[in-house]
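Student: The following block contains the structure, expressed as structure tokens.
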Amino acid sequence: MSDQVTLQQLLDDAAFLSLEHQLHLDGLLGDHTWDVDLSEGHFAFRAAETGAGPLLAEAPDGELVATRMHLLGTAAPGPRSWLWCWANPVGFGDVVTGLARWLRDFGGRHGVPELSQPEVQFAELPGAATEPAQAVGVVLDAAKAAARRWTSYSGDVGNGTRAAFLLDHPAFALPEPSGPRTLRVLLERLSGPTLGDHRRAVASYAGGRSLAQHWEAEHAAVRLAGPAFELRVRFDELGQIAGVDADFSPA
């Protein structure tokens, strides 16, 4: 990564890979509750009475504890702002704020003020977020791309305020890429928040999933090859994704 990077570039780098990790986590957890102890750095998912996903259904006592939890901060509807945990006057220990402090330093080194300034107004974020959940999504994706940690969780902590976490656990690792899932990720993300550089986003995703990339002349399209599948992503004259052609034939 060059010395200077923009928030939008980080969001493009995270766009597809972040979504795939979220889809994977949602499928593993199913219906659940969650509990956090910020003093101990303890974060646990618990199976709901019905509808628990396979990970929680098979976990001892229906509980899965993250091997590491990283609190990033909170988004509140009152001030309509994101507040990094290291700037929160409540104060949190190093055990949960270490990664957020690393992101602060990353933002300072690479010129990303949204990562380094204590508080960010919703209106200053790409897409001019209007709700805490939207703001959290932006900050989480930027943090994921910078830190190369991809599993996140956001929860309501009262009065509409949402807290954002990055979580580590071996079970959260993605399985081998598949054609149908890769196609779903590409198409579903296009209906989400606006991408900046579509080609960068696709290339970053392919690199993150170890998919072979074969770019056509003038970058009009790219073929992404995985185990027993190939996708051809087409771009229009503005560089935006114009369509995706899929071939799921066995290799």
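As shown in the structure tokens, the chain order sets the letters A, B, ...; within each chain, residues go from 1, and ligands are also counted from 1 in the order they appear.
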Which neighbours of region 120-137 of chain A fall inside 6 Å, counting only C-alpha atoms, when residues of the same chain fewer than 3 positions from it are skipped, and could you give them as a list in words?
Tutor: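 Selected residues are Ala75, Ala76, Arg80, Ser81, Trp82 and Leu140 of chain A.
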Student: Store the residues picked out above in a file with C-alpha atoms, as a PDB file, in the first residue's frame.
Tutor:
ATOM      1  CA  ALA A  75     -21.939   5.531  16.460  1.00  0.00           C
ATOM      2  CA  ALA A  76     -24.607   7.565  18.233  1.00  0.00           C
ATOM      3  CA  ARG A  80     -24.819  11.924  14.706  1.00  0.00           C
ATOM      4  CA  SER A  81     -21.190  10.980  14.935  1.00  0.00           C
ATOM      5  CA  TRP A  82     -18.728   8.115  15.159  1.00  0.00           C
ATOM      6  CA  LEU A 140     -15.797  -1.180   9.805  1.00  0.00           C
TER       7      LEU A 140
END
Student: Show me, as an NGL selection string, the residues that have an atom within 6 Å of Ala47 (chain A) when counting only C-alpha atoms, minus same-chain residues fewer than 6 positions from it.
Tutor: :A and (32 or 56 or 62)
Student: Suppose we keep N, CA, C and O atoms; can you now write the selection as a short mmCIF file (atom, residue, chain, number, x, y, z; two decimals), in the first residue's frame?
Tutor:
data_model
loop_
_atom_site.label_atom_id
_atom_site.label_comp_id
_atom_site.auth_asym_id
_atom_site.auth_seq_id
_atom_site.Cartn_x
_atom_site.Cartn_y
_atom_site.Cartn_z
N HIS A 32 -29.33 -15.64 17.26
CA HIS A 32 -28.37 -15.65 18.37
C HIS A 32 -28.54 -14.41 19.24
O HIS A 32 -29.23 -13.46 18.88
N LEU A 56 -23.22 -22.40 16.27
CA LEU A 56 -23.72 -22.30 17.64
C LEU A 56 -24.46 -23.56 18.06
O LEU A 56 -24.42 -23.95 19.23
N GLY A 62 -24.00 -24.20 23.61
CA GLY A 62 -24.54 -23.22 22.67
C GLY A 62 -23.85 -21.87 22.71
O GLY A 62 -24.45 -20.86 22.36
#
Student: Let me make sure I understand: among A:Ala147, A:Ala57, A:Leu7, A:Leu19, which one has the smallest atom-to-atom distance to Asp31 (chain A) if we use only C-alpha atoms?
Tutor: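 For Asp31 (chain A), the nearest of the candidates is A:Ala57.
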Student: DSSP on the backbone: which residues in region 21-185 of chain A end up as alpha helix (DSSP H)? Give the answer as a PyMOL selection string.
Tutor: chain A and resi 21-29+54-58+94-110+113-116+132-147+179-185
Student: Name the residues in contact with Ala173 (chain A) at a cut-off of 12 Å, using only C-alpha atoms, excluding same-chain residues fewer than 2 positions from it; report them as a list in words.
Tutor: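 Close residues of Ala173 (chain A): Leu17, Glu20, His21, Gln22, Leu23, His24, Leu25, Leu28, Arg149, Trp150, Thr151, Leu167, Asp168, His169, Pro170, Ala171, Pro175, Glu176, Pro177 and Arg209 of chain A.
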Student: What does the distance from CA of Glu49 (chain A) to CA of Thr33 (chain A) come to in Å, to one decimal?
Tutor: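 It comes out at 9.9 Å.
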Student: May I have the residues within 10 Å of Gln117 (chain A) as a PyMOL selection string, using only C-alpha atoms and disregarding those fewer than 4 positions away in the same chain?
Tutor: chain A and resi 83-84+87+104+107-108+112-113
Student: Keeping only N, CA and C atoms, write the selected residues as a tab-separated table (two decimals), in the first residue's frame.
Tutor:
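Saved to selection_0.tsv:
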chain	number	residue	atom	x	y	z
A	83	LEU	N	-17.49	7.82	17.26
A	83	LEU	CA	-16.48	8.13	18.26
A	83	LEU	C	-15.58	6.92	18.44
A	84	TRP	N	-14.27	7.10	18.18
A	84	TRP	CA	-13.32	6.00	18.37
A	84	TRP	C	-13.20	5.66	19.85
A	87	ALA	N	-10.92	7.52	22.18
A	87	ALA	CA	-11.28	8.90	22.48
A	87	ALA	C	-12.49	8.99	23.39
A	104	ARG	N	-5.59	4.25	14.34
A	104	ARG	CA	-5.33	5.69	14.49
A	104	ARG	C	-3.96	6.05	13.91
A	107	GLY	N	-3.98	5.72	10.12
A	107	GLY	CA	-4.61	6.88	9.51
A	107	GLY	C	-3.69	8.09	9.48
A	108	GLY	N	-2.92	8.27	10.55
A	108	GLY	CA	-1.98	9.37	10.58
A	108	GLY	C	-0.87	9.21	9.57
A	112	VAL	N	-5.42	9.33	6.31
A	112	VAL	CA	-6.84	9.00	6.37
A	112	VAL	C	-7.40	9.59	7.66
A	113	PRO	N	-7.86	10.83	7.64
A	113	PRO	CA	-8.28	11.49	8.88
A	113	PRO	C	-9.43	10.80	9.58
Student: Among region 64-98 of chain A, which residues does DSSP mark as strand (DSSP E or B) when it is run on the backbone? Keep the chain and numbering as in the structure and answer as a list in words.
Tutor: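 Residues of region 64-98 of chain A classed as strand (DSSP E or B): Leu64, Val65, Arg68, Met69, His70, Leu71, Leu72, Gly73, Thr74, Ala75, Ala76, Ser81, Trp82, Leu83 and Trp84 of chain A.
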Student: Selection from above, N, CA and C atoms, as a PDB file, in the first residue's frame, can you write it?
Tutor:
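Final file, result.pdb:
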ATOM      1  N   LEU A  64     -20.214 -19.599  21.766  1.00  0.00           N
ATOM      2  CA  LEU A  64     -18.928 -19.486  21.096  1.00  0.00           C
ATOM      3  C   LEU A  64     -18.256 -18.204  21.568  1.00  0.00           C
ATOM      4  N   VAL A  65     -17.041 -18.331  22.080  1.00  0.00           N
ATOM      5  CA  VAL A  65     -16.290 -17.178  22.577  1.00  0.00           C
ATOM      6  C   VAL A  65     -15.208 -16.820  21.568  1.00  0.00           C
ATOM      7  N   ARG A  68     -10.286 -13.436  20.150  1.00  0.00           N
ATOM      8  CA  ARG A  68      -9.820 -12.067  20.394  1.00  0.00           C
ATOM      9  C   ARG A  68     -10.924 -11.114  19.963  1.00  0.00           C
ATOM     10  N   MET A  69     -11.143 -10.081  20.759  1.00  0.00           N
ATOM     11  CA  MET A  69     -12.153  -9.074  20.454  1.00  0.00           C
ATOM     12  C   MET A  69     -11.487  -7.702  20.409  1.00  0.00           C
ATOM     13  N   HIS A  70     -11.844  -6.921  19.390  1.00  0.00           N
ATOM     14  CA  HIS A  70     -11.288  -5.582  19.226  1.00  0.00           C
ATOM     15  C   HIS A  70     -12.446  -4.583  19.146  1.00  0.00           C
ATOM     16  N   LEU A  71     -12.584  -3.765  20.143  1.00  0.00           N
ATOM     17  CA  LEU A  71     -13.578  -2.691  20.101  1.00  0.00           C
ATOM     18  C   LEU A  71     -13.017  -1.550  19.263  1.00  0.00           C
ATOM     19  N   LEU A  72     -13.819  -1.073  18.300  1.00  0.00           N
ATOM     20  CA  LEU A  72     -13.375   0.067  17.492  1.00  0.00           C
ATOM     21  C   LEU A  72     -13.976   1.373  17.995  1.00  0.00           C
ATOM     22  N   GLY A  73     -15.279   1.384  18.262  1.00  0.00           N
ATOM     23  CA  GLY A  73     -15.908   2.606  18.731  1.00  0.00           C
ATOM     24  C   GLY A  73     -17.416   2.500  18.659  1.00  0.00           C
ATOM     25  N   THR A  74     -18.069   3.640  18.705  1.00  0.00           N
ATOM     26  CA  THR A  74     -19.529   3.682  18.721  1.00  0.00           C
ATOM     27  C   THR A  74     -20.046   4.773  17.790  1.00  0.00           C
ATOM     28  N   ALA A  75     -21.233   4.536  17.270  1.00  0.00           N
ATOM     29  CA  ALA A  75     -21.939   5.531  16.460  1.00  0.00           C
ATOM     30  C   ALA A  75     -23.239   5.865  17.173  1.00  0.00           C
ATOM     31  N   ALA A  76     -23.448   7.137  17.437  1.00  0.00           N
ATOM     32  CA  ALA A  76     -24.607   7.565  18.233  1.00  0.00           C
ATOM     33  C   ALA A  76     -25.524   8.476  17.432  1.00  0.00           C
ATOM     34  N   SER A  81     -22.625  11.079  15.161  1.00  0.00           N
ATOM     35  CA  SER A  81     -21.190  10.980  14.935  1.00  0.00           C
ATOM     36  C   SER A  81     -20.661   9.611  15.352  1.00  0.00           C
ATOM     37  N   TRP A  82     -19.501   9.288  14.781  1.00  0.00           N
ATOM     38  CA  TRP A  82     -18.728   8.115  15.159  1.00  0.00           C
ATOM     39  C   TRP A  82     -17.655   8.563  16.134  1.00  0.00           C
ATOM     40  N   LEU A  83     -17.490   7.823  17.256  1.00  0.00           N
ATOM     41  CA  LEU A  83     -16.479   8.130  18.260  1.00  0.00           C
ATOM     42  C   LEU A  83     -15.575   6.921  18.436  1.00  0.00           C
ATOM     43  N   TRP A  84     -14.271   7.096  18.178  1.00  0.00           N
ATOM     44  CA  TRP A  84     -13.325   6.001  18.366  1.00  0.00           C
ATOM     45  C   TRP A  84     -13.201   5.662  19.847  1.00  0.00           C
TER      46      TRP A  84
END
Student: Quick one: residues within 10 Å of Asp3 (chain A), only C-alpha atoms, excluding same-chain residues fewer than 5 positions away - as a list in words?
Tutor: Phe106, Arg109, His110 and Gly111 of chain A
Student: Given the choices A:Asp197, A:Asp37, A:Asp141, A:Asp245, which gets closest to Arg184 (chain A) if the distance is worked out from only C-alpha atoms?
Tutor: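 Counting only C-alpha atoms, the residue closest to Arg184 (chain A) is A:Asp245.
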Student: Quick one: of A:Val95, A:Leu166, A:Leu187, A:Leu10, who's nearest to Leu115 (chain A), counting only C-alpha atoms?
Tutor: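 The answer is A:Leu10, which sits nearest to Leu115 (chain A).
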Student: Near Glu216 (chain A), within 12 Å and counting only C-alpha atoms, which residues show up once chain neighbours fewer than 5 positions away are dropped, as a PyMOL selection string?
Tutor: chain A and resi 221-224+232-235
Student: Those residues you just picked out, can you put them in a file as an mmCIF file, in the first residue's frame with N, CA, C and O atoms?
Tutor:
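Result file is result.cif:
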data_model
loop_
_atom_site.group_PDB
_atom_site.id
_atom_site.type_symbol
_atom_site.label_atom_id
_atom_site.label_comp_id
_atom_site.auth_asym_id
_atom_site.auth_seq_id
_atom_site.Cartn_x
_atom_site.Cartn_y
_atom_site.Cartn_z
ATOM 1 N N ALA A 221 -12.778 -5.911 -19.280
ATOM 2 C CA ALA A 221 -13.363 -7.029 -18.545
ATOM 3 C C ALA A 221 -12.230 -7.794 -17.870
ATOM 4 O O ALA A 221 -11.052 -7.662 -18.228
ATOM 5 N N VAL A 222 -12.598 -8.586 -16.873
ATOM 6 C CA VAL A 222 -11.632 -9.452 -16.217
ATOM 7 C C VAL A 222 -12.275 -10.808 -15.978
ATOM 8 O O VAL A 222 -13.448 -10.898 -15.618
ATOM 9 N N ARG A 223 -11.492 -11.851 -16.227
ATOM 10 C CA ARG A 223 -11.947 -13.215 -15.947
ATOM 11 C C ARG A 223 -11.352 -13.652 -14.619
ATOM 12 O O ARG A 223 -10.135 -13.602 -14.439
ATOM 13 N N LEU A 224 -12.227 -14.048 -13.710
ATOM 14 C CA LEU A 224 -11.809 -14.531 -12.395
ATOM 15 C C LEU A 224 -11.995 -16.040 -12.372
ATOM 16 O O LEU A 224 -13.107 -16.538 -12.560
ATOM 17 N N ARG A 232 -16.706 -13.817 -15.661
ATOM 18 C CA ARG A 232 -16.209 -12.708 -16.481
ATOM 19 C C ARG A 232 -16.958 -11.448 -16.064
ATOM 20 O O ARG A 232 -18.178 -11.354 -16.233
ATOM 21 N N VAL A 233 -16.234 -10.523 -15.492
ATOM 22 C CA VAL A 233 -16.816 -9.270 -15.018
ATOM 23 C C VAL A 233 -16.577 -8.206 -16.085
ATOM 24 O O VAL A 233 -15.423 -7.911 -16.431
ATOM 25 N N ARG A 234 -17.656 -7.646 -16.605
ATOM 26 C CA ARG A 234 -17.573 -6.635 -17.663
ATOM 27 C C ARG A 234 -17.733 -5.228 -17.078
ATOM 28 O O ARG A 234 -18.500 -5.030 -16.132
ATOM 29 N N PHE A 235 -17.011 -4.269 -17.662
ATOM 30 C CA PHE A 235 -17.064 -2.885 -17.216
ATOM 31 C C PHE A 235 -17.539 -1.991 -18.358
ATOM 32 O O PHE A 235 -17.209 -2.232 -19.527
#
Student: To one decimal place, how far is CA of Ala145 (chain A) from CA of Arg181 (chain A) in Å?
Tutor: 20.7 Å
Student: What is the CA of Gly239 (chain A)-CA of Glu114 (chain A) distance in Å, reported with one decimal?
Tutor: 26.3 Å
